[in-house]
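Read through the structure below, which is laid out as structure tokens, and then see the notes.
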Amino acid sequence: MSVTAPRRLYIKTYGCQMNVYDSERMADVLRPLGYGLTDEAEGADLVVLNTCHIREKATEKVYSELGQIRRMKERKAAAGGAMLVAVAGCVAQAEGEEIIARAPSVDLVVGPQSYHRLPELIARAHRVAGERLAADFTPEAKFDALPAERAPSGVTAFLTVQEGCDKFCTFCVVPYTRGPEFSRPPAAIEAEARALADNGVRELTLLGQNVNAYGDGEGGGLAALIRRLAKIPGLARIRYTTSHPRDMTDDLIGAHAEVEALMPYLHLPVQAGSDRVLKAMNRGHTADAYLRLVGKLRAARPDIALSGDFIVGFPGERDADFEATLQLAREVRYASAFSFKYSRRPGTPAAAMAGQVADEVKAERLARLQAVLEESQAEFNAAQLGRVLPVLFAGPGRKAGQIAGRSPYLQAVHCDGPMELIGQVAPVRIVSAGRVSLAGALASA
């Protein structure tokens, strides 16, 4: 397909950081075809909804959005133009055939492992022929087909190193929509990381559905990969998400103590504090095992901060189970956390379990849990007052003369300072702490 004029590409991303990465890579794939990103769906030549199937009512939100886009598509057609509409991501994988049937305005349905085929599918669509559904599990093919060059939009970037999940938690659709665990070759990851560093990226977040299940096929795990990437010139910070407690090895814990570039912040979802509920969820660990793991992490890296995920109102959850979750949250004292009411995901074992909890009970429990989590987050932020933290500055702040960045603990930090510090790590003395951000003043090195 020849490219005769710039085309406008609008991508709306739902859900997790994996989807953020995938959206960036879709833009990379489509750039050689003349597609440039736009912030508005209205009038775009290609609209991509990169969907997530994890959160509550995810599918309904997609169909609602498609209704609005259909009207935009009709308006553009009336003006003599054309708009292609693609649904990508996990909803596409799980419900591809239904999307085709229910939303005739959709031209392409592309699963998470097939978006490298977008140029081919777009060419077919322009010829008004061929395939509209591409939702297979071939992650090797996807990563091999992606362009080597990326266009980072700032000093931080995501880099997918692992996809899929073999854990089969009973509430989760990821094993069905993303397929089995697959790890990219370390040489390919390093090459991409080096290219990003050469283009000004100072902080990399390594991504995976179970990122700490990463394996290079020769016995090396995520710790070995982190040590390898930490040697890249210009790369100042490394993070990774999302982790599973079952894959938190001693080697990886040791890396937190030994690798300076590895930030002292770890997202380690627990989901519940009751062994009975954890077993029903098929998490594969107990509350005590999780707490012992937290103890090992804090012994190895005393300044480490933890974030977590919680689900309240899982089928069969009793008052005593929920109280155990509250107790675990109080004991760990998370720096931040995400918490949700359980919602049925079609096709998962938990959706058919007895003992579904009433929505009003779930809402009351969620409010109580969030009060505990917000208290510990505020406590953690307040503990930074007076400290000097190294801040990676990523851009201007909201006010004139301000610059903004992130602390090692992923907190937003702003202070007065010169724009020349953007892309640099500089010491900042924290002078005030809000619920989600910190303010400071530049300190001497």
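In the structure tokens, chains take the letters A, B, ... in the order shown, each chain's residues start at 1, and ligands count up from 1 in the order shown.
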Could you pull out the helix (DSSP H, G or I) residues of segment 204-413 of chain A, going by DSSP on the backbone, and write them as an MDAnalysis selection string? chainID A and resid 211:213 222:229 245:247 250:258 275:281 287:300 319:332 349:352 359:382
As number ranges by chain, please: the residues near Tyr14 of chain A (cut-off 12 Å, only C-alpha atoms, same-chain neighbours under 3 positions excluded). A: 11, 17-23, 48-59, 61-62, 65, 87-91
Store the residues picked out above, limited to N, CA and C atoms, as a tab-separated table (two decimals), in the first residue's frame.
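Dumped to part23.tsv:
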```
chain	number	residue	atom	x	y	z
A	11	ILE	N	-5.20	6.13	19.25
A	11	ILE	CA	-5.20	4.91	20.04
A	11	ILE	C	-5.71	5.23	21.44
A	17	GLN	N	-0.23	-1.61	32.24
A	17	GLN	CA	0.95	-1.06	31.59
A	17	GLN	C	1.39	-1.90	30.40
A	18	MET	N	1.06	-3.19	30.42
A	18	MET	CA	1.33	-4.01	29.24
A	18	MET	C	0.61	-3.43	28.03
A	19	ASN	N	-0.61	-2.97	28.23
A	19	ASN	CA	-1.35	-2.37	27.13
A	19	ASN	C	-0.75	-1.03	26.71
A	20	VAL	N	-0.21	-0.27	27.66
A	20	VAL	CA	0.47	0.97	27.31
A	20	VAL	C	1.65	0.66	26.38
A	21	TYR	N	2.42	-0.35	26.75
A	21	TYR	CA	3.55	-0.77	25.91
A	21	TYR	C	3.04	-1.21	24.54
A	22	ASP	N	2.00	-2.05	24.52
A	22	ASP	CA	1.48	-2.54	23.25
A	22	ASP	C	1.02	-1.38	22.37
A	23	SER	N	0.38	-0.37	22.96
A	23	SER	CA	-0.07	0.78	22.18
A	23	SER	C	1.11	1.53	21.57
A	48	VAL	N	-7.87	2.89	17.06
A	48	VAL	CA	-7.58	1.61	17.69
A	48	VAL	C	-8.00	1.68	19.16
A	49	LEU	N	-8.85	0.76	19.57
A	49	LEU	CA	-9.18	0.61	20.99
A	49	LEU	C	-8.38	-0.58	21.52
A	50	ASN	N	-7.38	-0.29	22.34
A	50	ASN	CA	-6.53	-1.35	22.89
A	50	ASN	C	-7.10	-1.72	24.26
A	51	THR	N	-7.80	-2.84	24.31
A	51	THR	CA	-8.72	-3.14	25.40
A	51	THR	C	-8.10	-4.00	26.49
A	52	CYS	N	-8.76	-3.97	27.65
A	52	CYS	CA	-8.37	-4.78	28.81
A	52	CYS	C	-9.60	-5.54	29.28
A	53	HIS	N	-9.43	-6.80	29.63
A	53	HIS	CA	-10.56	-7.64	30.03
A	53	HIS	C	-10.56	-7.91	31.53
A	54	ILE	N	-9.68	-7.22	32.27
A	54	ILE	CA	-9.52	-7.52	33.69
A	54	ILE	C	-10.52	-6.77	34.55
A	55	ARG	N	-10.69	-5.50	34.28
A	55	ARG	CA	-11.49	-4.66	35.16
A	55	ARG	C	-12.99	-4.87	34.94
A	56	GLU	N	-13.75	-4.43	35.92
A	56	GLU	CA	-15.19	-4.58	35.90
A	56	GLU	C	-15.81	-3.85	34.71
A	57	LYS	N	-16.77	-4.50	34.06
A	57	LYS	CA	-17.53	-3.91	32.96
A	57	LYS	C	-16.65	-3.49	31.79
A	58	ALA	N	-15.51	-4.17	31.60
A	58	ALA	CA	-14.59	-3.78	30.54
A	58	ALA	C	-15.25	-3.89	29.18
A	59	THR	N	-15.96	-4.99	28.93
A	59	THR	CA	-16.55	-5.21	27.62
A	59	THR	C	-17.61	-4.16	27.32
A	61	LYS	N	-17.78	-1.14	28.37
A	61	LYS	CA	-17.14	0.14	28.06
A	61	LYS	C	-16.66	0.17	26.61
A	62	VAL	N	-16.16	-0.96	26.12
A	62	VAL	CA	-15.69	-1.02	24.74
A	62	VAL	C	-16.85	-0.82	23.78
A	65	GLU	N	-17.96	2.77	23.74
A	65	GLU	CA	-17.02	3.58	22.97
A	65	GLU	C	-17.21	3.35	21.47
A	87	VAL	N	-10.25	-3.06	17.01
A	87	VAL	CA	-10.30	-3.41	18.42
A	87	VAL	C	-9.14	-4.37	18.68
A	88	ALA	N	-8.27	-3.99	19.62
A	88	ALA	CA	-7.09	-4.79	19.93
A	88	ALA	C	-7.13	-5.18	21.40
A	89	GLY	N	-6.16	-5.98	21.83
A	89	GLY	CA	-6.02	-6.31	23.24
A	89	GLY	C	-6.84	-7.51	23.68
A	90	CYS	N	-7.07	-7.57	24.99
A	90	CYS	CA	-7.60	-8.79	25.59
A	90	CYS	C	-9.08	-9.00	25.32
A	91	VAL	N	-9.88	-7.94	25.22
A	91	VAL	CA	-11.28	-8.13	24.85
A	91	VAL	C	-11.36	-8.66	23.43
```
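Minimum atom-to-atom distance to Tyr409 of chain A, evaluated using only C-alpha atoms, belongs to A:Asp303 out of A:Glu360, A:Asp303, A:Asp198, A:Asp275.
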So that I can see what lies close to Ile189 of chain A, please list as an NGL selection string the residues with an atom at most 9 Å from it, counting only C-alpha atoms and leaving out residues fewer than 3 positions away in the same chain. :A and (159-161 or 184-186 or 192-194 or 225 or 229)
Contact table segment 213-277 of chain A vs segment 411-433 of chain A, cut-off 12 Å, shortest pair per residue, only C-alpha atoms, as a tab-separated table:
```
residue	atom	partner	partner_atom	distance
A:Gly234	CA	A:Gln424	CA	10.1
A:Leu235	CA	A:Gly423	CA	10.8
A:Ala236	CA	A:Val425	CA	8.2
A:Arg237	CA	A:Val425	CA	9.7
A:Ala261	CA	A:Val425	CA	11.9
A:Tyr265	CA	A:Gln411	CA	10.3
```
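Reported to one decimal place, the separation of atom CA of Phe338 of chain A from atom CA of Ala272 of chain A is 12.0 Å.
Between atom CA of Cys172 of chain A and atom CA of Ala287 of chain A lies a distance of 19.5 Å.
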So that I can see what lies close to Ala337 of chain A, please list as a ChimeraX atom specification the residues with an atom at most 9 Å from it, counting only C-alpha atoms and leaving out residues fewer than 2 positions away in the same chain. /A:267,269,306-310,334-335,339,370,373-374,377
Selected residues, N, CA and C atoms, written as a PDB file, in the first residue's frame, please.
```pdb
ATOM      1  N   HIS A 267       5.988  -3.834  43.243  1.00  0.00           N
ATOM      2  CA  HIS A 267       4.561  -4.149  43.205  1.00  0.00           C
ATOM      3  C   HIS A 267       4.420  -5.662  43.349  1.00  0.00           C
ATOM      4  N   PRO A 269       1.423  -8.120  44.290  1.00  0.00           N
ATOM      5  CA  PRO A 269       0.012  -8.354  44.618  1.00  0.00           C
ATOM      6  C   PRO A 269      -0.180  -9.545  45.544  1.00  0.00           C
ATOM      7  N   LEU A 306       6.606  -1.137  49.207  1.00  0.00           N
ATOM      8  CA  LEU A 306       5.776  -2.133  48.536  1.00  0.00           C
ATOM      9  C   LEU A 306       4.437  -1.538  48.115  1.00  0.00           C
ATOM     10  N   SER A 307       3.971  -1.982  46.961  1.00  0.00           N
ATOM     11  CA  SER A 307       2.585  -1.733  46.571  1.00  0.00           C
ATOM     12  C   SER A 307       1.932  -3.085  46.326  1.00  0.00           C
ATOM     13  N   GLY A 308       0.599  -3.097  46.295  1.00  0.00           N
ATOM     14  CA  GLY A 308      -0.075  -4.382  46.165  1.00  0.00           C
ATOM     15  C   GLY A 308      -1.421  -4.250  45.482  1.00  0.00           C
ATOM     16  N   ASP A 309      -2.031  -5.394  45.228  1.00  0.00           N
ATOM     17  CA  ASP A 309      -3.384  -5.482  44.675  1.00  0.00           C
ATOM     18  C   ASP A 309      -4.258  -6.266  45.650  1.00  0.00           C
ATOM     19  N   PHE A 310      -5.512  -5.853  45.764  1.00  0.00           N
ATOM     20  CA  PHE A 310      -6.481  -6.552  46.601  1.00  0.00           C
ATOM     21  C   PHE A 310      -7.798  -6.701  45.863  1.00  0.00           C
ATOM     22  N   TYR A 334       1.537  -0.763  53.142  1.00  0.00           N
ATOM     23  CA  TYR A 334       1.870  -0.512  51.743  1.00  0.00           C
ATOM     24  C   TYR A 334       2.080   0.981  51.477  1.00  0.00           C
ATOM     25  N   ALA A 335       3.053   1.278  50.617  1.00  0.00           N
ATOM     26  CA  ALA A 335       3.272   2.649  50.178  1.00  0.00           C
ATOM     27  C   ALA A 335       2.182   3.096  49.215  1.00  0.00           C
ATOM     28  N   SER A 339      -7.121  -1.565  44.867  1.00  0.00           N
ATOM     29  CA  SER A 339      -8.108  -2.459  45.459  1.00  0.00           C
ATOM     30  C   SER A 339      -9.408  -2.368  44.669  1.00  0.00           C
ATOM     31  N   GLN A 370      -9.912   0.415  51.715  1.00  0.00           N
ATOM     32  CA  GLN A 370      -9.261   1.579  51.137  1.00  0.00           C
ATOM     33  C   GLN A 370      -8.898   2.605  52.194  1.00  0.00           C
ATOM     34  N   LEU A 373      -5.598   1.349  53.499  1.00  0.00           N
ATOM     35  CA  LEU A 373      -4.538   1.524  52.496  1.00  0.00           C
ATOM     36  C   LEU A 373      -4.171   2.998  52.331  1.00  0.00           C
ATOM     37  N   GLU A 374      -5.163   3.870  52.321  1.00  0.00           N
ATOM     38  CA  GLU A 374      -4.889   5.303  52.184  1.00  0.00           C
ATOM     39  C   GLU A 374      -4.147   5.845  53.399  1.00  0.00           C
ATOM     40  N   GLN A 377      -0.536   4.816  52.967  1.00  0.00           N
ATOM     41  CA  GLN A 377       0.103   5.596  51.917  1.00  0.00           C
ATOM     42  C   GLN A 377       0.434   7.009  52.411  1.00  0.00           C
TER      43      GLN A 377
END
```
Do you have the atom CA of Gly15 of chain A-atom CA of Ala92 of chain A distance handy? 13.6 Å
Step one, run DSSP on the backbone; step two, keep only residues of segment 193-355 of chain A assigned to strand (DSSP E or B); then write them as a ChimeraX atom specification. /A:203-207,215,221,237-241,262,265-267,271,305-312,336-341
With C-alpha atoms retained, export the selected residues as a PDB file, in the first residue's frame.
```
ATOM      1  CA  GLU A 203      14.414   4.732  33.349  1.00  0.00           C
ATOM      2  CA  LEU A 204      13.084   1.400  32.094  1.00  0.00           C
ATOM      3  CA  THR A 205      10.135  -0.488  33.520  1.00  0.00           C
ATOM      4  CA  LEU A 206      10.284  -4.163  32.556  1.00  0.00           C
ATOM      5  CA  LEU A 207       6.805  -5.545  31.948  1.00  0.00           C
ATOM      6  CA  GLY A 215      13.506 -17.083  32.111  1.00  0.00           C
ATOM      7  CA  GLY A 221      15.894 -15.420  35.416  1.00  0.00           C
ATOM      8  CA  ARG A 237      16.895   3.275  36.799  1.00  0.00           C
ATOM      9  CA  ILE A 238      15.211  -0.107  36.374  1.00  0.00           C
ATOM     10  CA  ARG A 239      11.798  -1.185  37.630  1.00  0.00           C
ATOM     11  CA  TYR A 240       9.620  -4.204  36.909  1.00  0.00           C
ATOM     12  CA  THR A 241       5.955  -5.089  37.182  1.00  0.00           C
ATOM     13  CA  LEU A 262      17.085  -1.357  40.596  1.00  0.00           C
ATOM     14  CA  TYR A 265       9.934  -0.170  45.006  1.00  0.00           C
ATOM     15  CA  LEU A 266       8.099  -3.419  44.298  1.00  0.00           C
ATOM     16  CA  HIS A 267       4.561  -4.149  43.205  1.00  0.00           C
ATOM     17  CA  GLN A 271      -5.193 -10.173  46.573  1.00  0.00           C
ATOM     18  CA  ALA A 305       8.567   0.194  49.549  1.00  0.00           C
ATOM     19  CA  LEU A 306       5.776  -2.133  48.536  1.00  0.00           C
ATOM     20  CA  SER A 307       2.585  -1.733  46.571  1.00  0.00           C
ATOM     21  CA  GLY A 308      -0.075  -4.382  46.165  1.00  0.00           C
ATOM     22  CA  ASP A 309      -3.384  -5.482  44.675  1.00  0.00           C
ATOM     23  CA  PHE A 310      -6.481  -6.552  46.601  1.00  0.00           C
ATOM     24  CA  ILE A 311      -9.812  -8.074  45.612  1.00  0.00           C
ATOM     25  CA  VAL A 312     -12.670  -7.844  48.117  1.00  0.00           C
ATOM     26  CA  SER A 336       0.450   2.403  47.636  1.00  0.00           C
ATOM     27  CA  ALA A 337      -2.086  -0.187  46.581  1.00  0.00           C
ATOM     28  CA  PHE A 338      -4.875  -0.954  44.155  1.00  0.00           C
ATOM     29  CA  SER A 339      -8.108  -2.459  45.459  1.00  0.00           C
ATOM     30  CA  PHE A 340     -11.235  -3.601  43.664  1.00  0.00           C
ATOM     31  CA  LYS A 341     -14.562  -5.268  44.222  1.00  0.00           C
TER      32      LYS A 341
END
```
Skipping near chain neighbours, those fewer than 5 positions away, what residues fall within 9 Å of Asn282 of chain A using only C-alpha atoms, listed as a list of chain:residue names? A:Lys167, A:Phe168, A:Cys169, A:Thr170, A:Phe171, A:Val277
Go ahead and write the selection's residues with N, CA and C atoms as a PDB file, in the first residue's frame.
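What ended up in part_13.pdb:
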```pdb
ATOM      1  N   LYS A 167      -0.468 -19.360  35.801  1.00  0.00           N
ATOM      2  CA  LYS A 167      -0.879 -19.507  37.190  1.00  0.00           C
ATOM      3  C   LYS A 167      -2.352 -19.882  37.332  1.00  0.00           C
ATOM      4  N   PHE A 168      -3.200 -19.441  36.422  1.00  0.00           N
ATOM      5  CA  PHE A 168      -4.628 -19.776  36.415  1.00  0.00           C
ATOM      6  C   PHE A 168      -5.315 -19.433  37.736  1.00  0.00           C
ATOM      7  N   CYS A 169      -5.123 -18.194  38.204  1.00  0.00           N
ATOM      8  CA  CYS A 169      -5.947 -17.710  39.310  1.00  0.00           C
ATOM      9  C   CYS A 169      -7.402 -17.778  38.855  1.00  0.00           C
ATOM     10  N   THR A 170      -8.279 -18.188  39.742  1.00  0.00           N
ATOM     11  CA  THR A 170      -9.643 -18.514  39.320  1.00  0.00           C
ATOM     12  C   THR A 170     -10.464 -17.292  38.924  1.00  0.00           C
ATOM     13  N   PHE A 171      -9.975 -16.073  39.245  1.00  0.00           N
ATOM     14  CA  PHE A 171     -10.711 -14.860  38.905  1.00  0.00           C
ATOM     15  C   PHE A 171     -10.220 -14.213  37.611  1.00  0.00           C
ATOM     16  N   VAL A 277      -9.512 -17.912  51.285  1.00  0.00           N
ATOM     17  CA  VAL A 277      -9.807 -17.209  50.037  1.00  0.00           C
ATOM     18  C   VAL A 277      -8.654 -17.372  49.052  1.00  0.00           C
TER      19      VAL A 277
END
```
Of A:Val155, A:Val294, A:Ala280, A:Phe393, the one nearest to Ala350 of chain A when counting only C-alpha atoms is A:Ala280
